[in-house]
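K.L.:
Before I ask anything, here is the structure I am working with.
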Amino acid sequence: MIMSEPEARGPEEHDPNAFENTLMHRAVVPVATMLAIQVMISLSVLSLSVMMPAVAADLSIDPKLVGVFTAIIYGVAAVTALAAAEPIVRLGAVRICQAALLMAAIGLAVNAWAAVAATVIAVIFLGAAQGPINPASAHVLAQRVPREWFGTVFSLKQTGVPIGFALAGLIFPFLLELLGWRGASLVAAAVAVLAALIVELLRSSLDAVVTAGRPSVGIWRSIRFVFAHRALRVLGLSAIVYVVAQHTFTFYLVTYLYEHCGLSIARAGFLLSLSQIVGTAVRLLSGGMGDRVPRMQLLGWTGIAMTAGCIAIGLLEADTPFWLIGLVVVGYGSVVISWNGTSQAEFAHLAPPGEAAAVAAVQTALAFSGAVIGPPIFAAIASLASYRMAFFAVAGCVFVTAVWQIAASRRAVIPSGARDL
């Protein structure tokens with residue numbers, strides 16, 4: 001048994017709602033811990049994009065190379081997500097998260113060397129830090145949280161992404177002015193090390209529960225399971241496209257608004273942060289709705305909203321009023337970051353017992369592959385044609401994917417707790 005129940009529940013024994021509330025209370029510390037780790041990792045990953053105009057100027061490189069760096073980060077992350085599934089079960093999810101925080105610290109510190117080669121090495125370490133977080137979180141939360149709360153809890157954990165991104169957009173422009181981009185990198189590295197040390201205080205209690213699970217059955221079995229399962233196959237492949245939209249927005253917004261719309265880095269970073277803050281609320285709303293309506297259908301309609309927002313971003317001009325730029329950025333940004341927690345919750349819901357980490361690793365690898373192929377293609381279209389055509393291309397892909405999910409959700413009703421293929 002993965003998580004033991006008390007031998008005597010007392011009044012809860014005959015009150016399922018009270019017992020569920022007790023389980024949720026026990027899940028507070030794990031959820032808060034996973035959320036905090038996600039915030040730190042997301043802040044570290046986005047830091048390079050926020051600093052890119054300054055980094056590019058000092059290293060005499062094209063700021064659009066942020067797309068290549070993003071591809072490296074998420075290519076490495078996709079591999080490490082799959083590789084982490086077995087160590088998570090064997091060594092403990094929190095121990096793996098600590099290793100991820102230290103890899104992020106190494107990457108940020110190396111970036112301060114102020115050389116192109118150092119920046120490439122830095123993004124490799126940041127990618128290695130990013131990969132294990134979702135599988136590790138799934139391994140902890142799937143065993144601690146009632147299934148009826150999966151959508152809400154997984155979306156809550158995923159709010160660490162926009163919170164981390166928002167903090168990066170707010171903190172790094174300030175650190176750039178105060179310390180320069182090399183000093184800002186070193187400060188962030190020190191914070192990541194501190195986070196790893198703080199997590200050690202909770203590791204023994206959290207990993208004492210999660211490592212009681214059965215040994216990993218192997219990542220290849222989980223890959224076959226996902227692609228043989230009709231719903232997971234649609235959700236997994238759709239995640240690739242949705243991440244393309246999410247990461248071309250997140251990683252190009254500051255550079256796009258700076259180069260195309262003439263905003264300062266500080267104002268562009270502020271809009272990015274605001275979109276992430278609003279997106280946090282939208283992500284929680286989406287997660288709660290996913291506990292009550294079919295998640296695939298919800299994700300499909302989310303894609304329709306993403307399509308409209310992406311088109312609107314592409315239509316911005318240098319003379320567009322700042323208030324309208326802000327409205328479009330916040331509107332699109334709050335939707336484009338809202339979907340992943342809902343997708344992860346459905347993967348955890350449909351995973352075989354004890355295999356949440358391995359199945360989440362497949363979802364993470366598929367999603368991150370979109371971050372590998374999307375930004376470089378976006379950069380190529382933006383360079384050869386225009387930013388507008390790049391955003392329109394993303395919008396077209398998202399629209400097709402959204403319609404596919406809506407159609408798939410209507411063709412088959414998936415029973416709660418289904419495990420059949």
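Chains: A, B, ... in order of the structure tokens. Residues: from 1 per chain. Ligands: from 1, in order shown.
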Which residues come within 6 Å of Pro375 of chain A, counting only C-alpha atoms, excluding same-chain residues fewer than 2 positions away, as a list in words?
P.N.:
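Counting only C-alpha atoms, the residues come to Gly67, Thr248, Ile377, Phe378 and Ala379 of chain A.
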K.L.:
Please, which residues of segment 107-243 of chain A, numbered as in this document, come out alpha helix (DSSP H) from DSSP, as a PyMOL selection string?
P.N.:
chain A and resi 107-111+116-130+133-144+150-158+160-210+219-228+230-243
K.L.:
Find the spatial neighbours of segment 167-171 of chain A, counting only C-alpha atoms, within a cut-off of 7 Å - ignore same-chain residues fewer than 4 positions away - and output them as a list in words.
P.N.:
Leu43, Leu46, Ser47, Val50, Ile163, Leu175, Gly269, Phe270, Leu272 and Ser273 of chain A
K.L.:
Write to file, as an mmCIF file, in the first residue's frame, the residues of the selection just made, with N, CA and C atoms.
P.N.:
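Listed below is the output, out.cif:
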```
data_model
loop_
_atom_site.group_PDB
_atom_site.id
_atom_site.type_symbol
_atom_site.label_atom_id
_atom_site.label_comp_id
_atom_site.auth_asym_id
_atom_site.auth_seq_id
_atom_site.Cartn_x
_atom_site.Cartn_y
_atom_site.Cartn_z
ATOM 1 N N LEU A 43 11.365 30.437 -12.183
ATOM 2 C CA LEU A 43 12.087 31.717 -12.138
ATOM 3 C C LEU A 43 13.470 31.566 -12.775
ATOM 4 N N LEU A 46 13.197 31.204 -16.721
ATOM 5 C CA LEU A 46 12.815 32.414 -17.456
ATOM 6 C C LEU A 46 13.839 33.528 -17.319
ATOM 7 N N SER A 47 14.719 33.434 -16.331
ATOM 8 C CA SER A 47 15.654 34.532 -16.076
ATOM 9 C C SER A 47 16.466 34.889 -17.312
ATOM 10 N N VAL A 50 14.426 37.052 -19.778
ATOM 11 C CA VAL A 50 14.251 38.425 -19.328
ATOM 12 C C VAL A 50 15.550 39.217 -19.484
ATOM 13 N N ILE A 163 3.820 32.098 -11.330
ATOM 14 C CA ILE A 163 4.367 32.863 -10.206
ATOM 15 C C ILE A 163 5.874 33.053 -10.385
ATOM 16 N N LEU A 175 17.283 43.787 -10.753
ATOM 17 C CA LEU A 175 18.654 43.320 -10.531
ATOM 18 C C LEU A 175 19.584 43.742 -11.662
ATOM 19 N N GLY A 269 8.639 43.694 -19.282
ATOM 20 C CA GLY A 269 8.693 42.740 -18.188
ATOM 21 C C GLY A 269 7.514 42.879 -17.248
ATOM 22 N N PHE A 270 7.053 44.112 -17.041
ATOM 23 C CA PHE A 270 5.883 44.332 -16.197
ATOM 24 C C PHE A 270 4.639 43.674 -16.798
ATOM 25 N N LEU A 272 4.575 41.154 -18.870
ATOM 26 C CA LEU A 272 4.742 39.711 -18.742
ATOM 27 C C LEU A 272 4.367 39.258 -17.334
ATOM 28 N N SER A 273 4.838 39.989 -16.340
ATOM 29 C CA SER A 273 4.527 39.626 -14.960
ATOM 30 C C SER A 273 3.030 39.718 -14.686
#
```
K.L.:
Atom CA of Ala281 of chain A and atom CA of Phe399 of chain A, how far apart in Å?
P.N.:
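Atom CA of Phe399 of chain A sits 23.5 Å away from atom CA of Ala281 of chain A.
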K.L.:
Would you list the contacts of Val94 of chain A as a PDB file with N, CA and C atoms, in the first residue's frame, taking every protein, DNA or RNA residue within 10 Å and counting only C-alpha atoms, but skipping same-chain residues closer than 5 positions in sequence?
P.N.:
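Listed below is the output, around12.pdb:
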```pdb
ATOM      1  N   PRO A  30       2.907  18.811   1.337  1.00  0.00           N
ATOM      2  CA  PRO A  30       3.455  18.380   0.040  1.00  0.00           C
ATOM      3  C   PRO A  30       3.118  19.326  -1.098  1.00  0.00           C
ATOM      4  N   THR A  33       5.178  22.472  -0.744  1.00  0.00           N
ATOM      5  CA  THR A  33       6.581  22.209  -1.061  1.00  0.00           C
ATOM      6  C   THR A  33       6.802  22.113  -2.564  1.00  0.00           C
ATOM      7  N   MET A  34       5.959  21.342  -3.241  1.00  0.00           N
ATOM      8  CA  MET A  34       6.085  21.209  -4.685  1.00  0.00           C
ATOM      9  C   MET A  34       5.854  22.539  -5.396  1.00  0.00           C
ATOM     10  N   ILE A  37       9.041  24.706  -4.984  1.00  0.00           N
ATOM     11  CA  ILE A  37      10.108  24.223  -5.867  1.00  0.00           C
ATOM     12  C   ILE A  37       9.821  24.625  -7.308  1.00  0.00           C
ATOM     13  N   ILE A  88      13.085   8.730  -9.212  1.00  0.00           N
ATOM     14  CA  ILE A  88      12.086   9.324  -8.321  1.00  0.00           C
ATOM     15  C   ILE A  88      11.520   8.268  -7.381  1.00  0.00           C
ATOM     16  N   ALA A  99      18.195  17.929  -6.228  1.00  0.00           N
ATOM     17  CA  ALA A  99      19.211  17.863  -7.277  1.00  0.00           C
ATOM     18  C   ALA A  99      18.888  18.840  -8.402  1.00  0.00           C
ATOM     19  N   ALA A 100      17.602  18.976  -8.726  1.00  0.00           N
ATOM     20  CA  ALA A 100      17.197  19.909  -9.773  1.00  0.00           C
ATOM     21  C   ALA A 100      17.504  21.350  -9.377  1.00  0.00           C
ATOM     22  N   ILE A 133      10.781  17.950 -12.465  1.00  0.00           N
ATOM     23  CA  ILE A 133       9.865  18.557 -11.497  1.00  0.00           C
ATOM     24  C   ILE A 133       8.440  18.025 -11.631  1.00  0.00           C
ATOM     25  N   ALA A 136       8.169  14.304 -10.516  1.00  0.00           N
ATOM     26  CA  ALA A 136       8.348  14.221  -9.068  1.00  0.00           C
ATOM     27  C   ALA A 136       7.110  14.709  -8.333  1.00  0.00           C
ATOM     28  N   SER A 137       6.549  15.812  -8.791  1.00  0.00           N
ATOM     29  CA  SER A 137       5.335  16.333  -8.170  1.00  0.00           C
ATOM     30  C   SER A 137       4.175  15.362  -8.318  1.00  0.00           C
ATOM     31  N   HIS A 139       4.325  12.170  -8.574  1.00  0.00           N
ATOM     32  CA  HIS A 139       4.564  11.018  -7.703  1.00  0.00           C
ATOM     33  C   HIS A 139       4.139  11.320  -6.270  1.00  0.00           C
ATOM     34  N   VAL A 140       4.421  12.531  -5.803  1.00  0.00           N
ATOM     35  CA  VAL A 140       4.046  12.913  -4.443  1.00  0.00           C
ATOM     36  C   VAL A 140       2.544  13.157  -4.340  1.00  0.00           C
ATOM     37  N   ALA A 196      17.271  24.589  -1.969  1.00  0.00           N
ATOM     38  CA  ALA A 196      17.598  23.165  -1.836  1.00  0.00           C
ATOM     39  C   ALA A 196      17.891  22.807  -0.382  1.00  0.00           C
ATOM     40  N   VAL A 199      14.523  22.758   1.630  1.00  0.00           N
ATOM     41  CA  VAL A 199      13.726  21.573   1.322  1.00  0.00           C
ATOM     42  C   VAL A 199      14.227  20.358   2.092  1.00  0.00           C
ATOM     43  N   GLU A 200      15.517  20.325   2.418  1.00  0.00           N
ATOM     44  CA  GLU A 200      16.076  19.199   3.177  1.00  0.00           C
ATOM     45  C   GLU A 200      15.359  19.012   4.515  1.00  0.00           C
ATOM     46  N   LEU A 202      12.296  19.094   5.041  1.00  0.00           N
ATOM     47  CA  LEU A 202      11.036  18.376   4.827  1.00  0.00           C
ATOM     48  C   LEU A 202      11.232  17.041   4.120  1.00  0.00           C
ATOM     49  N   ARG A 203      12.420  16.800   3.620  1.00  0.00           N
ATOM     50  CA  ARG A 203      12.623  15.646   2.745  1.00  0.00           C
ATOM     51  C   ARG A 203      12.313  14.321   3.414  1.00  0.00           C
ATOM     52  N   SER A 204      12.772  14.117   4.632  1.00  0.00           N
ATOM     53  CA  SER A 204      12.615  12.799   5.255  1.00  0.00           C
ATOM     54  C   SER A 204      11.151  12.435   5.441  1.00  0.00           C
ATOM     55  N   SER A 205      10.328  13.397   5.826  1.00  0.00           N
ATOM     56  CA  SER A 205       8.914  13.081   6.036  1.00  0.00           C
ATOM     57  C   SER A 205       8.183  12.864   4.724  1.00  0.00           C
ATOM     58  N   LEU A 206       8.490  13.654   3.715  1.00  0.00           N
ATOM     59  CA  LEU A 206       7.802  13.514   2.429  1.00  0.00           C
ATOM     60  C   LEU A 206       8.254  12.259   1.694  1.00  0.00           C
ATOM     61  N   ASP A 207       9.550  12.043   1.606  1.00  0.00           N
ATOM     62  CA  ASP A 207      10.048  10.881   0.884  1.00  0.00           C
ATOM     63  C   ASP A 207       9.810   9.577   1.639  1.00  0.00           C
ATOM     64  N   VAL A 210       6.459   8.624  -0.031  1.00  0.00           N
ATOM     65  CA  VAL A 210       6.414   8.342  -1.456  1.00  0.00           C
ATOM     66  C   VAL A 210       7.325   7.188  -1.862  1.00  0.00           C
TER      67      VAL A 210
END
```
K.L.:
Nearest to Pro173 of chain A among A:Arg283, A:His349, A:Arg267, A:Arg295, with distances taken over only C-alpha atoms: which residue is it?
P.N.:
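Distance minimum relative to Pro173 of chain A lands on A:Arg267.
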K.L.:
Please produce, as JSON lines, a per-residue contact table for segment 87-187 of chain A versus segment 325-341 of chain A (criterion: any atom at most 6 Å away, only C-alpha atoms considered), showing the nearest atom pair and its distance in Å to one decimal, sorted by chain then residue number.
P.N.:
```
{"residue": "A:Phe154", "atom": "CA", "partner": "A:Gly341", "partner_atom": "CA", "distance": 5.1}
{"residue": "A:Ser155", "atom": "CA", "partner": "A:Gly341", "partner_atom": "CA", "distance": 4.0}
{"residue": "A:Gln158", "atom": "CA", "partner": "A:Gly341", "partner_atom": "CA", "distance": 5.5}
```
K.L.:
At a cut-off of 7 Å, can you tabulate as a Markdown table every residue of segment 335-415 of chain A near segment 216-234 of chain A together with its closest atom pair and the distance in Å to one decimal, using only C-alpha atoms and ordering rows by chain then number?
P.N.:
```
| residue | atom | partner | partner_atom | distance |
| --- | --- | --- | --- | --- |
| A:Phe347 | CA | A:Leu232 | CA | 6.8 |
| A:Ala358 | CA | A:Ile219 | CA | 5.9 |
| A:Val359 | CA | A:Ser222 | CA | 5.6 |
| A:Val362 | CA | A:Ile223 | CA | 6.1 |
| A:Gln405 | CA | A:Val234 | CA | 6.8 |
```
K.L.:
Which of these, A:Ile304, A:Leu315, A:Val145, A:Val241, has the shortest distance to Arg388 of chain A once you count only C-alpha atoms?
P.N.:
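Closest to Arg388 of chain A, using only C-alpha atoms: A:Leu315.
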K.L.:
Using only C-alpha atoms for the distances, tell me which of A:Val398, A:Leu201, A:Ile73, A:Ala239 is nearest to Val29 of chain A.
P.N.:
A:Leu201
K.L.:
When distances are computed from only C-alpha atoms, which of A:Leu59, A:Val89, A:Ala83, A:Val68 shows the smallest separation from Trp113 of chain A?
P.N.:
A:Leu59
K.L.:
In Å, how far is it from atom CA of Ser185 of chain A to atom CA of Lys157 of chain A?
P.N.:
25.1 Å
K.L.:
Which one is closest to Phe322 of chain A: A:Met289, A:Val120, A:Leu257, A:Ala81? Count only C-alpha atoms.
P.N.:
A:Leu257
K.L.:
Rank A:Ile277, A:Asp291, A:Leu299, A:Ala382 by their smallest atom-to-atom distance to Pro146 of chain A, using only C-alpha atoms, and report the top residue only.
P.N.:
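Using only C-alpha atoms, Pro146 of chain A sits closest to A:Asp291.
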K.L.:
Need the shell around Leu156 of chain A: protein/DNA/RNA residues with any atom at most 10 Å away, counting only C-alpha atoms. Skip same-chain ones fewer than 4 positions apart. Format as an mmCIF file with C-alpha atoms, in the first residue's frame?
P.N.:
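The result, stored in part.cif:
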```
data_model
loop_
_atom_site.group_PDB
_atom_site.id
_atom_site.type_symbol
_atom_site.label_atom_id
_atom_site.label_comp_id
_atom_site.auth_asym_id
_atom_site.auth_seq_id
_atom_site.Cartn_x
_atom_site.Cartn_y
_atom_site.Cartn_z
ATOM 1 C CA VAL A 31 1.480 20.726 -2.220
ATOM 2 C CA ALA A 32 3.146 23.804 -0.726
ATOM 3 C CA MET A 34 6.085 21.209 -4.685
ATOM 4 C CA LEU A 35 4.654 24.651 -5.434
ATOM 5 C CA PHE A 150 -6.702 16.308 -8.868
ATOM 6 C CA GLY A 151 -7.646 19.167 -11.204
ATOM 7 C CA THR A 152 -7.544 21.795 -8.491
ATOM 8 C CA GLY A 160 4.312 27.894 -9.589
ATOM 9 C CA VAL A 161 5.114 28.405 -13.268
ATOM 10 C CA THR A 280 -2.443 32.144 -12.011
ATOM 11 C CA ALA A 281 -6.089 32.823 -11.185
ATOM 12 C CA ARG A 283 -5.160 28.350 -14.083
ATOM 13 C CA LEU A 284 -6.841 27.692 -10.732
ATOM 14 C CA LEU A 285 -10.257 28.321 -12.266
ATOM 15 C CA GLY A 287 -8.314 23.253 -12.614
ATOM 16 C CA GLY A 288 -11.491 23.583 -10.581
ATOM 17 C CA GLY A 341 -2.322 21.676 -14.737
ATOM 18 C CA THR A 342 -5.578 20.381 -16.204
#
```
K.L.:
Write out as a PyMOL selection string the residues lying within 8 Å of Phe392 of chain A, counting only C-alpha atoms and excluding same-chain residues fewer than 6 positions away.
P.N.:
chain A and resi 310-311+314
